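Chemist: Next up, structure.cif (mmCIF, C-alpha atoms).
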```
data_structure
loop_
_atom_site.label_atom_id
_atom_site.label_comp_id
_atom_site.auth_asym_id
_atom_site.auth_seq_id
_atom_site.Cartn_x
_atom_site.Cartn_y
_atom_site.Cartn_z
CA MET A 1 21.25 -10.59 -8.40
CA ARG A 2 21.36 -13.03 -5.48
CA SER A 3 19.56 -16.38 -5.63
CA LYS A 4 16.87 -15.49 -3.10
CA ARG A 5 13.98 -13.32 -4.23
CA VAL A 6 14.14 -9.66 -3.33
CA THR A 7 10.94 -8.14 -1.94
CA ILE A 8 10.03 -4.79 -3.46
CA ALA A 9 7.26 -2.72 -1.86
CA HIS A 10 5.45 -0.46 -4.32
CA LEU A 11 3.98 2.38 -2.28
CA ILE A 12 1.36 4.57 -3.99
CA THR A 13 -1.08 7.25 -2.85
CA GLU A 14 -4.19 5.43 -4.11
CA LEU A 15 -5.20 2.58 -6.40
CA ASN A 16 -8.16 3.92 -8.31
CA ARG A 17 -8.11 4.40 -12.08
CA GLY A 18 -5.22 6.62 -13.16
CA GLY A 19 -2.07 6.65 -15.25
CA ALA A 20 0.41 5.87 -12.45
CA GLU A 21 -1.88 3.18 -11.07
CA GLN A 22 -2.24 1.54 -14.49
CA MET A 23 1.52 1.56 -15.00
CA LEU A 24 2.07 0.03 -11.57
CA TYR A 25 -0.40 -2.73 -12.43
CA LYS A 26 1.38 -3.51 -15.71
CA LEU A 27 4.80 -3.50 -14.05
CA VAL A 28 4.01 -5.86 -11.16
CA CYS A 29 2.25 -8.25 -13.55
CA ARG A 30 5.24 -8.37 -15.93
CA ILE A 31 8.23 -8.18 -13.60
CA ASN A 32 10.38 -11.31 -13.20
CA LYS A 33 8.80 -13.10 -10.21
CA GLU A 34 11.68 -15.60 -9.96
CA LYS A 35 14.00 -12.78 -8.90
CA LEU A 36 11.67 -10.15 -7.51
CA ARG A 37 8.71 -10.44 -5.14
CA PRO A 38 6.45 -7.41 -5.54
CA ILE A 39 4.00 -6.28 -2.90
CA VAL A 40 1.76 -3.22 -3.29
CA ILE A 41 0.84 -0.76 -0.53
CA SER A 42 -1.85 1.88 -0.99
CA MET A 43 -1.86 4.86 1.36
CA THR A 44 -5.67 4.83 1.14
CA ASP A 45 -7.60 1.68 0.14
CA LYS A 46 -7.32 -1.07 -2.47
CA GLY A 47 -9.45 0.66 -5.09
CA PHE A 48 -10.24 -0.69 -8.55
CA ILE A 49 -6.61 -1.26 -9.59
CA GLY A 50 -5.69 -2.80 -6.25
CA ARG A 51 -8.39 -5.42 -6.67
CA ARG A 52 -7.05 -6.23 -10.14
CA ILE A 53 -3.52 -6.61 -8.74
CA HIS A 54 -4.77 -8.81 -5.89
CA ALA A 55 -6.57 -11.02 -8.42
CA LYS A 56 -3.16 -11.70 -10.02
CA GLY A 57 -1.91 -13.19 -6.74
CA ILE A 58 0.18 -10.17 -5.72
CA PRO A 59 -0.23 -9.04 -2.09
CA VAL A 60 -1.98 -5.67 -1.73
CA PHE A 61 -2.08 -3.79 1.58
CA GLU A 62 -3.89 -0.59 2.56
CA LEU A 63 -2.90 2.03 5.13
CA GLY A 64 -6.41 3.48 5.51
CA MET A 65 -5.46 7.15 5.21
CA GLU A 66 -7.68 9.77 3.63
CA LEU A 67 -6.42 10.98 0.26
CA GLY A 68 -3.94 13.80 0.82
CA ARG A 69 -4.02 13.42 4.62
CA PRO A 70 -1.12 11.31 5.98
CA THR A 71 -1.51 10.11 9.58
CA ALA A 72 0.82 8.79 12.25
CA LYS A 73 -1.30 5.64 12.47
CA GLY A 74 -0.88 5.03 8.73
CA ALA A 75 2.87 5.65 8.93
CA ALA A 76 3.15 3.19 11.83
CA ARG A 77 1.26 0.58 9.83
CA LEU A 78 3.62 1.12 6.89
CA PHE A 79 6.63 0.69 9.21
CA GLY A 80 5.23 -2.61 10.47
CA LEU A 81 4.50 -3.88 6.95
CA LEU A 82 8.01 -3.07 5.71
CA ARG A 83 9.59 -4.99 8.58
CA LYS A 84 7.14 -7.90 8.51
CA GLU A 85 7.47 -8.42 4.74
CA SER A 86 11.30 -8.15 4.83
CA VAL A 87 11.26 -5.41 2.21
CA GLU A 88 14.63 -4.56 0.68
CA ILE A 89 13.53 -1.93 -1.86
CA ILE A 90 10.76 0.64 -1.66
CA GLN A 91 9.55 1.91 -5.04
CA SER A 92 7.17 4.80 -4.40
CA TRP A 93 4.81 6.38 -6.90
CA LEU A 94 3.73 10.07 -6.82
CA TYR A 95 4.77 12.91 -4.51
CA HIS A 96 3.00 12.02 -1.25
CA ALA A 97 4.09 8.39 -1.44
CA ASP A 98 7.64 9.52 -2.23
CA PHE A 99 7.69 11.65 0.92
CA LEU A 100 6.17 8.98 3.16
CA GLY A 101 8.27 6.19 1.66
CA LEU A 102 11.51 8.02 2.37
CA MET A 103 10.59 9.01 5.93
CA VAL A 104 9.34 5.60 7.02
CA GLY A 105 11.79 3.68 4.86
CA LYS A 106 14.76 5.29 6.59
CA LEU A 107 13.28 4.52 10.02
CA ALA A 108 12.69 0.91 8.97
CA ARG A 109 16.26 0.70 7.61
CA ILE A 110 15.19 -0.33 4.13
CA ARG A 111 18.28 -0.95 2.00
CA ARG A 112 17.24 1.00 -1.11
CA ILE A 113 14.61 3.68 -1.69
CA VAL A 114 13.46 4.58 -5.21
CA TRP A 115 11.09 7.43 -6.01
CA GLY A 116 8.68 7.65 -8.91
CA ILE A 117 7.90 11.01 -10.56
CA ARG A 118 5.09 10.80 -13.11
CA CYS A 119 4.38 14.40 -14.13
CA SER A 120 6.14 17.37 -15.67
CA ASP A 121 5.48 21.07 -14.98
CA MET A 122 2.80 21.08 -12.28
CA ASP A 123 0.79 24.24 -11.65
CA LEU A 124 0.69 23.90 -7.87
CA ALA A 125 -1.74 26.81 -7.50
CA ASN A 126 -4.50 24.36 -8.51
CA TYR A 127 -3.74 21.90 -5.71
CA ARG A 128 -3.85 21.73 -1.91
CA ARG A 129 -1.30 23.57 0.21
CA LEU A 130 -0.02 20.25 1.54
CA THR A 131 0.79 19.13 -2.00
CA TYR A 132 2.76 22.36 -2.54
CA PHE A 133 4.73 21.69 0.66
CA VAL A 134 5.43 18.07 -0.25
CA VAL A 135 6.66 18.90 -3.76
CA LYS A 136 9.00 21.59 -2.42
CA ALA A 137 10.23 19.45 0.49
CA ASN A 138 10.90 16.52 -1.84
CA ALA A 139 13.37 18.66 -3.81
CA VAL A 140 15.63 18.77 -0.73
CA LEU A 141 14.90 15.19 0.31
CA SER A 142 15.75 13.88 -3.17
CA ASN A 143 19.40 13.88 -2.10
CA PHE A 144 18.68 11.03 0.30
CA VAL A 145 17.09 8.49 -2.07
CA ASP A 146 18.98 5.93 -4.13
CA ALA A 147 17.25 6.59 -7.47
CA ILE A 148 14.40 8.61 -8.96
CA VAL A 149 12.46 7.06 -11.84
CA VAL A 150 11.00 9.71 -14.15
CA ASN A 151 8.76 8.71 -17.04
CA SER A 152 9.28 11.74 -19.30
CA VAL A 153 12.08 13.90 -20.64
CA ARG A 154 10.19 17.06 -19.73
CA GLY A 155 9.46 15.75 -16.26
CA LYS A 156 13.16 15.19 -15.70
CA ALA A 157 14.04 18.69 -16.93
CA PHE A 158 11.31 20.37 -14.86
CA HIS A 159 12.15 18.65 -11.59
CA SER A 160 15.86 19.24 -12.11
CA SER A 161 15.09 22.96 -12.45
CA CYS A 162 13.11 22.77 -9.18
CA GLY A 163 16.13 21.47 -7.27
CA TYR A 164 15.55 17.72 -7.43
CA ASN A 165 18.82 15.77 -7.63
CA HIS A 166 19.21 15.15 -11.36
CA LYS A 167 22.13 12.75 -10.79
CA LYS A 168 19.73 10.30 -9.15
CA MET A 169 17.23 10.41 -12.03
CA VAL A 170 16.66 7.44 -14.33
CA MET A 171 14.41 7.84 -17.36
CA ILE A 172 12.01 4.89 -17.85
CA PRO A 173 8.92 5.63 -20.00
CA ASN A 174 5.50 4.08 -19.59
CA GLY A 175 4.95 0.75 -21.30
CA PHE A 176 1.97 -0.74 -23.11
CA ASP A 177 0.54 -4.21 -23.58
CA LEU A 178 -0.08 -4.58 -27.31
CA GLU A 179 -2.15 -7.71 -26.75
CA GLU A 180 -4.55 -5.87 -24.44
CA PHE A 181 -4.70 -2.64 -26.45
CA ARG A 182 -5.00 -3.51 -30.12
CA PRO A 183 -7.12 -2.58 -33.14
CA GLU A 184 -10.63 -4.02 -32.92
CA PRO A 185 -12.70 -3.59 -36.12
CA THR A 186 -16.05 -4.14 -34.37
CA ALA A 187 -15.38 -1.76 -31.46
CA LYS A 188 -16.78 1.37 -33.08
CA LYS A 189 -20.03 -0.32 -34.12
CA TRP A 190 -20.39 -1.64 -30.56
CA LEU A 191 -19.96 1.83 -28.99
CA LEU A 192 -22.21 3.52 -31.54
CA GLY A 193 -24.85 0.96 -30.65
CA LYS A 194 -24.47 1.72 -26.94
CA LEU A 195 -24.82 5.45 -27.65
CA GLY A 196 -27.72 4.95 -30.06
CA LEU A 197 -25.87 6.57 -32.97
CA PRO A 198 -25.85 5.74 -36.72
CA ASP A 199 -22.86 4.16 -38.45
CA ASN A 200 -21.86 7.32 -40.34
CA VAL A 201 -20.85 9.22 -37.17
CA PHE A 202 -17.21 10.10 -36.42
CA LEU A 203 -16.01 9.70 -32.83
CA VAL A 204 -13.42 12.01 -31.27
CA GLY A 205 -12.49 10.64 -27.86
CA MET A 206 -10.68 11.82 -24.76
CA VAL A 207 -9.90 9.67 -21.72
CA GLY A 208 -8.93 11.40 -18.48
CA ARG A 209 -10.24 12.22 -15.01
CA PHE A 210 -11.73 15.65 -14.37
CA ASP A 211 -8.69 17.65 -13.27
CA PRO A 212 -7.43 21.19 -14.05
CA MET A 213 -4.32 19.85 -15.76
CA LYS A 214 -6.39 17.88 -18.30
CA ASP A 215 -8.03 21.13 -19.52
CA HIS A 216 -11.41 19.76 -20.54
CA GLU A 217 -12.48 23.32 -21.23
CA THR A 218 -10.16 23.45 -24.28
CA PHE A 219 -11.49 20.09 -25.49
CA LEU A 220 -15.11 21.26 -25.22
CA ARG A 221 -14.45 24.63 -26.87
CA ALA A 222 -12.68 22.85 -29.73
CA ALA A 223 -15.65 20.47 -29.98
CA SER A 224 -17.95 23.47 -30.35
CA LEU A 225 -15.81 24.89 -33.17
CA LEU A 226 -15.57 21.63 -35.12
CA GLY A 227 -19.15 20.64 -34.39
CA LYS A 228 -20.51 23.76 -36.06
CA ARG A 229 -18.67 22.83 -39.28
CA ASN A 230 -19.23 19.08 -39.23
CA PRO A 231 -22.62 17.73 -38.11
CA TRP A 232 -21.41 14.11 -38.18
CA VAL A 233 -18.82 14.39 -35.40
CA HIS A 234 -19.61 13.28 -31.86
CA PHE A 235 -17.34 13.65 -28.84
CA VAL A 236 -16.78 11.00 -26.19
CA MET A 237 -15.29 11.84 -22.78
CA VAL A 238 -14.36 9.06 -20.35
CA GLY A 239 -12.96 9.24 -16.83
CA LYS A 240 -13.63 10.01 -13.20
CA ASP A 241 -16.25 12.79 -12.78
CA MET A 242 -16.78 13.03 -16.54
CA LEU A 243 -20.55 12.89 -16.05
CA PRO A 244 -23.49 15.13 -17.04
CA GLN A 245 -24.17 15.93 -13.38
CA ASN A 246 -20.69 17.46 -12.88
CA PRO A 247 -21.57 21.18 -12.45
CA ALA A 248 -18.04 22.30 -13.34
CA LEU A 249 -18.57 21.10 -16.92
CA SER A 250 -21.86 22.91 -17.51
CA PRO A 251 -20.43 26.35 -18.46
CA PHE A 252 -18.48 24.78 -21.32
CA LEU A 253 -21.18 22.55 -22.78
CA ASP A 254 -22.41 24.26 -25.95
CA SER A 255 -26.20 24.06 -25.86
CA ASN A 256 -26.21 23.24 -29.60
CA LEU A 257 -23.80 20.35 -29.06
CA LYS A 258 -25.14 18.72 -25.91
CA GLU A 259 -26.63 15.81 -27.85
CA ARG A 260 -23.25 15.19 -29.49
CA ILE A 261 -21.10 15.23 -26.36
CA HIS A 262 -21.19 11.93 -24.48
CA LEU A 263 -19.94 11.99 -20.87
CA LEU A 264 -19.45 8.35 -19.89
CA GLY A 265 -17.62 8.60 -16.55
CA PRO A 266 -15.25 5.74 -15.55
CA GLN A 267 -15.49 2.64 -17.72
CA GLU A 268 -14.10 -0.87 -17.43
CA GLU A 269 -13.90 -1.83 -21.11
CA MET A 270 -11.27 0.77 -21.90
CA CYS A 271 -9.51 -1.33 -24.57
CA ARG A 272 -12.72 -1.57 -26.56
CA ILE A 273 -13.76 2.04 -26.01
CA THR A 274 -10.35 3.38 -27.03
CA ALA A 275 -10.31 1.19 -30.15
CA SER A 276 -13.70 2.64 -31.14
CA PHE A 277 -12.39 6.20 -31.59
CA ASP A 278 -11.67 7.66 -35.01
CA ILE A 279 -9.41 10.21 -33.31
CA ALA A 280 -8.00 10.24 -29.76
CA THR A 281 -7.00 13.42 -27.97
CA SER A 282 -5.08 14.79 -25.01
CA SER A 283 -5.87 18.46 -24.36
CA SER A 284 -3.71 18.83 -21.24
CA ALA A 285 -2.55 22.35 -20.39
CA TYR A 286 0.35 21.40 -18.09
CA GLY A 287 1.63 18.69 -15.79
CA GLU A 288 1.29 15.73 -18.15
CA GLY A 289 4.41 13.56 -18.08
CA PHE A 290 3.80 10.55 -20.27
CA SER A 291 0.16 10.19 -21.30
CA ASN A 292 -1.01 6.60 -20.85
CA THR A 293 -4.22 7.23 -22.74
CA ILE A 294 -2.37 8.44 -25.84
CA GLY A 295 -0.05 5.44 -25.78
CA GLU A 296 -3.07 3.15 -25.43
CA ALA A 297 -4.85 4.82 -28.35
CA MET A 298 -1.76 4.48 -30.52
CA ALA A 299 -1.50 0.80 -29.56
CA CYS A 300 -5.12 0.46 -30.74
CA GLY A 301 -4.17 1.96 -34.09
CA VAL A 302 -5.99 5.24 -33.44
CA PRO A 303 -4.36 8.48 -34.72
CA CYS A 304 -4.00 11.21 -32.10
CA ALA A 305 -4.20 14.99 -31.83
CA VAL A 306 -2.39 16.17 -28.69
CA THR A 307 -1.25 19.35 -27.00
CA ASP A 308 2.48 19.93 -26.71
CA VAL A 309 2.64 19.19 -22.99
CA GLY A 310 4.97 16.75 -21.26
CA ASP A 311 6.30 14.16 -23.69
CA SER A 312 3.14 13.95 -25.82
CA ALA A 313 4.89 15.30 -28.94
CA ARG A 314 7.76 12.85 -28.43
CA ILE A 315 5.33 9.93 -28.04
CA VAL A 316 3.19 10.76 -31.09
CA GLY A 317 6.07 11.73 -33.38
CA ASP A 318 4.92 11.84 -37.00
CA THR A 319 1.90 9.59 -36.43
CA GLY A 320 -0.51 12.38 -35.47
CA PHE A 321 -0.85 16.11 -34.85
CA VAL A 322 0.65 18.24 -32.07
CA VAL A 323 -0.83 21.66 -31.21
CA PRO A 324 -0.10 24.35 -28.59
CA PRO A 325 -1.90 23.96 -25.24
CA ARG A 326 -4.95 26.11 -24.41
CA SER A 327 -5.76 26.67 -28.10
CA PRO A 328 -9.22 25.31 -28.99
CA GLU A 329 -8.83 26.69 -32.53
CA ALA A 330 -5.61 24.73 -33.15
CA LEU A 331 -7.07 21.55 -31.69
CA ALA A 332 -10.22 21.83 -33.82
CA ARG A 333 -8.05 22.34 -36.93
CA ALA A 334 -6.01 19.23 -36.11
CA TRP A 335 -9.20 17.16 -35.77
CA ALA A 336 -10.47 18.54 -39.08
CA GLN A 337 -7.21 17.61 -40.81
CA LEU A 338 -7.43 14.06 -39.49
CA LEU A 339 -11.02 13.77 -40.66
CA ASP A 340 -10.03 15.11 -44.09
CA LEU A 341 -7.55 12.23 -44.46
CA GLY A 342 -10.47 9.84 -44.83
CA ARG A 343 -10.77 6.39 -43.31
CA GLU A 344 -7.82 4.90 -45.21
CA GLY A 345 -5.56 7.82 -44.35
CA ARG A 346 -6.41 7.56 -40.66
CA MET A 347 -5.90 3.78 -40.71
CA ALA A 348 -2.44 4.25 -42.24
CA LEU A 349 -1.50 6.73 -39.51
CA GLY A 350 -2.93 4.40 -36.90
CA GLU A 351 -0.82 1.47 -38.12
CA LYS A 352 2.23 3.70 -37.98
CA ALA A 353 1.30 4.75 -34.43
CA ARG A 354 0.96 1.13 -33.27
CA SER A 355 4.37 0.29 -34.75
CA ARG A 356 5.89 3.24 -32.88
CA ILE A 357 4.53 1.92 -29.57
CA ARG A 358 5.82 -1.56 -30.34
CA GLU A 359 9.30 -0.27 -31.18
CA ARG A 360 9.68 2.17 -28.27
CA TYR A 361 7.25 1.46 -25.44
CA GLU A 362 6.39 -2.25 -25.30
CA ILE A 363 5.66 -3.22 -21.69
CA GLY A 364 8.00 -6.24 -21.61
CA GLU A 365 11.03 -4.12 -22.46
CA VAL A 366 9.98 -1.39 -20.04
CA ALA A 367 9.65 -3.94 -17.19
CA GLU A 368 13.16 -5.18 -17.98
CA ARG A 369 14.49 -1.65 -17.51
CA PHE A 370 12.96 -1.53 -14.02
CA GLU A 371 14.50 -4.94 -13.25
CA LYS A 372 17.95 -3.76 -14.34
CA LEU A 373 17.63 -0.67 -12.17
CA TYR A 374 16.76 -2.75 -9.11
CA GLU A 375 19.62 -5.18 -9.84
CA SER A 376 22.09 -2.30 -10.13
CA LEU A 377 21.02 -0.91 -6.77
CA LEU A 378 21.59 -4.24 -5.01
#
```
Once you've parsed the file, please lay out its structure as structure tokens.

Modeler:
Amino acid sequence: MRSKRVTIAHLITELNRGGAEQMLYKLVCRINKEKLRPIVISMTDKGFIGRRIHAKGIPVFELGMELGRPTAKGAARLFGLLRKESVEIIQSWLYHADFLGLMVGKLARIRRIVWGIRCSDMDLANYRRLTYFVVKANAVLSNFVDAIVVNSVRGKAFHSSCGYNHKKMVMIPNGFDLEEFRPEPTAKKWLLGKLGLPDNVFLVGMVGRFDPMKDHETFLRAASLLGKRNPWVHFVMVGKDMLPQNPALSPFLDSNLKERIHLLGPQEEMCRITASFDIATSSSAYGEGFSNTIGEAMACGVPCAVTDVGDSARIVGDTGFVVPPRSPEALARAWAQLLDLGREGRMALGEKARSRIRERYEIGEVAERFEKLYESLL
């Protein structure tokens, strides 16, 4: 790469808590700043992750659009930012940012445009009509970008089948900071204390925003099945809108289990909360590409039970259990098997899981793969 630093604009739909947003944060913090100058542009506002990025000394800009509602004013502001900041590469994240980045990037004569696809088989019936249009339009427009970063094998296969240009696709998985997410022996006692629970309770945890693809219904139905057989299991659910006042959750909350299901909403101490789980879970029904929360749990030495959606089975390997999606019975059985292993058995699996993350998905090596991609394009 040339001696002068290359400015890369990372364009993303929003910067609140989420898997793509977390990965963006990790990447811009780790990327080689002597060669690359990252700036971050949110189509909406700075959000929680944007403030964290800004605190690291990385410029963060906001276009002021409403989520899912692009505007001409926002596009004009993006055009001005790209020219003012002398951007040479746009790296966009998620469908709407991919669409906007290509349109405005071409007008601004940006040298290289890279898309980011973070999901697998989306069920578009559960999303706005505009999202459906953007996903379909992007299949045609994918011929006009320089590269498409996909974070999962299944995501690559699905989008190829939808007409996206598979020759432009580059597989780069999510990466994890093993210093941030690590085993913490006192974490469980800390969380039990916050919840007012005794030390002999088991914690089954799930981290994820309230969204149809996450299939919280399956998680809660599985909790009901296991809870009837094991009175010492409690269930912790963390993420946006995971709160008792969310009316969409009420039909699935077993009245006999309400005291054992803890809806904590968004949390800031995610490293500590994740490390407190005896078992971590992803119950996604579709759409999941590469689950950040499962990788984080594995980095914390927590064994996982996941549905076979996206690359979850590939990530977990032989360090946990994989079950079919939309099967509460299978998920409850997997939890029961992990509990039957006992503390030592689960710790052994957890150590194996952490080693798997270190060997395959360490954030430093993942950031290097992004750097090599950008170098190859220039």

Chemist: For the provided coordinates, the residues matched by the PyMOL selection byres ((chain A and resi 265) around 12) should be stated as a list in words.

Modeler: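 On the file shown, the PyMOL selection byres ((chain A and resi 265) around 12) covers Arg17, Met206, Val207, Gly208, Arg209, Phe210, Val236, Met237, Val238, Gly239, Lys240, Asp241, Met242, Leu243, Pro244, Gln245, Asn246, His262, Leu263, Leu264, Pro266, Gln267, Glu268, Glu269 and Met270 of chain A.
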
Chemist: Kindly give the distance, in Å, that separates atom CA of A:Met103 and atom CA of A:Glu88, rounded to a single decimal.

Modeler: 15.1 Å

Chemist: Tell me which protein, DNA and RNA residues are within 6 Å of stretch 20-34 of chain A, counting all atoms listed in the file, leaving out same-chain ones fewer than 3 positions away, and put them as a ChimeraX atom specification.

Modeler: /A:15,37,367

Chemist: What residues come out when you apply the PyMOL selection byres ((chain A and resi 172) around 6) to this file, written as a PyMOL selection string?

Modeler: chain A and resi 151+171+173

Chemist: Spell out the residues picked by the PyMOL selection byres ((chain A and resi 200) around 12) here, as a PyMOL selection string.

Modeler: chain A and resi 188-189+192-193+197-199+201-203+231-234+278+343

Chemist: At a cut-off of 9 Å, using only C-alpha atoms, what residues contact A:Thr218? Leave out same-chain residues fewer than 5 positions from it and give the result as a VMD selection string.

Modeler: chain A and resid 223 252 283 to 285 325 to 329 331

Chemist: I want to know what sits within 10 Å of A:Ala275, based on only C-alpha atoms, with residues of the same chain fewer than 6 positions away left out; could you give that as a list in words?

Modeler: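 Near neighbours after the sequence-gap exclusion: Phe181, Arg182, Pro183, Glu184, Pro185, Thr186, Ala187, Lys188, Leu191, Gly205, Glu296, Ala297, Met298, Ala299, Cys300, Gly301 and Val302 of chain A.
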
Chemist: With only C-alpha atoms as the basis for distance, which of A:Leu141, A:Met213, A:Leu349, A:Ala147 is at the shortest distance from A:Cys119?

Modeler: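 For A:Cys119, the nearest of the given residues is A:Met213.
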
Chemist: Suppose you want the space between atom CA of A:Glu375 and atom CA of A:Arg154; what is it in Å?

Modeler: 26.1 Å

Chemist: Which one is closest to A:Ile113: A:Val306, A:Leu377, A:Lys136, A:Phe79? Count only C-alpha atoms.

Modeler: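 Going through A:Val306, A:Leu377, A:Lys136, A:Phe79 one by one, the smallest distance to A:Ile113 is for A:Leu377.
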
Chemist: Find the spatial neighbours of A:His96, counting only C-alpha atoms, within a cut-off of 9 Å - ignore same-chain residues fewer than 6 positions away - and output them as a count of residues only.

Modeler: 7

Chemist: In Å to one decimal, how far is atom CA of A:Thr7 from atom CA of A:Glu179?

Modeler: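 Answer for the atom CA of A:Glu179 to atom CA of A:Thr7 separation: 28.1 Å.
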
Chemist: Find the residues around A:Val316 up to 12 Å (all atoms listed in the file counted), leave out those fewer than 4 positions away in its own chain, and share them as a PyMOL selection string.

Modeler: chain A and resi 280-282+290-299+301-312+320-323+349-350+352-357+360-361

Chemist: Identify which of the residues A:Leu178, A:Ser92, A:Phe158, A:Lys84 lies closest to A:Arg358, counting only C-alpha atoms when measuring atom-to-atom distances.

Modeler: A:Leu178

Chemist: Can you work out which one of A:Val140, A:Leu378, A:Leu339, A:Ile8 has the shortest atom-to-atom distance to A:Glu85, counting all atoms listed in the file?

Modeler: A:Ile8

Chemist: Give the answer as one residue: which of A:Pro59, A:Ile148, A:Gly227, A:Gly155 has the shortest atom-to-atom distance to A:Asn256, using all atoms listed in the file?

Modeler: A:Gly227

Chemist: Quick one: stretch 355-366 of chain A with N, CA and C atoms, as a short mmCIF file (atom, residue, chain, number, x, y, z; two decimals), keeping the file's coordinate frame?

Modeler:
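Saved as rebuild01.cif:
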```cif
data_model
loop_
_atom_site.label_atom_id
_atom_site.label_comp_id
_atom_site.auth_asym_id
_atom_site.auth_seq_id
_atom_site.Cartn_x
_atom_site.Cartn_y
_atom_site.Cartn_z
N SER A 355 2.98 0.73 -34.56
CA SER A 355 4.37 0.29 -34.75
C SER A 355 5.32 1.11 -33.87
N ARG A 356 5.04 2.39 -33.72
CA ARG A 356 5.89 3.24 -32.88
C ARG A 356 5.84 2.79 -31.41
N ILE A 357 4.64 2.44 -30.95
CA ILE A 357 4.53 1.92 -29.57
C ILE A 357 5.28 0.61 -29.43
N ARG A 358 5.14 -0.26 -30.40
CA ARG A 358 5.82 -1.56 -30.34
C ARG A 358 7.34 -1.38 -30.29
N GLU A 359 7.85 -0.46 -31.08
CA GLU A 359 9.30 -0.27 -31.18
C GLU A 359 9.88 0.43 -29.95
N ARG A 360 9.11 1.32 -29.31
CA ARG A 360 9.68 2.17 -28.27
C ARG A 360 9.15 1.92 -26.86
N TYR A 361 7.90 1.44 -26.75
CA TYR A 361 7.25 1.46 -25.44
C TYR A 361 6.53 0.15 -25.10
N GLU A 362 7.02 -0.96 -25.59
CA GLU A 362 6.39 -2.25 -25.30
C GLU A 362 6.63 -2.60 -23.83
N ILE A 363 5.61 -3.07 -23.14
CA ILE A 363 5.66 -3.22 -21.69
C ILE A 363 6.73 -4.21 -21.23
N GLY A 364 6.98 -5.27 -21.99
CA GLY A 364 8.00 -6.24 -21.61
C GLY A 364 9.37 -5.60 -21.50
N GLU A 365 9.73 -4.78 -22.48
CA GLU A 365 11.03 -4.12 -22.46
C GLU A 365 11.11 -3.08 -21.36
N VAL A 366 10.01 -2.38 -21.11
CA VAL A 366 9.98 -1.39 -20.04
C VAL A 366 10.16 -2.06 -18.67
#
```
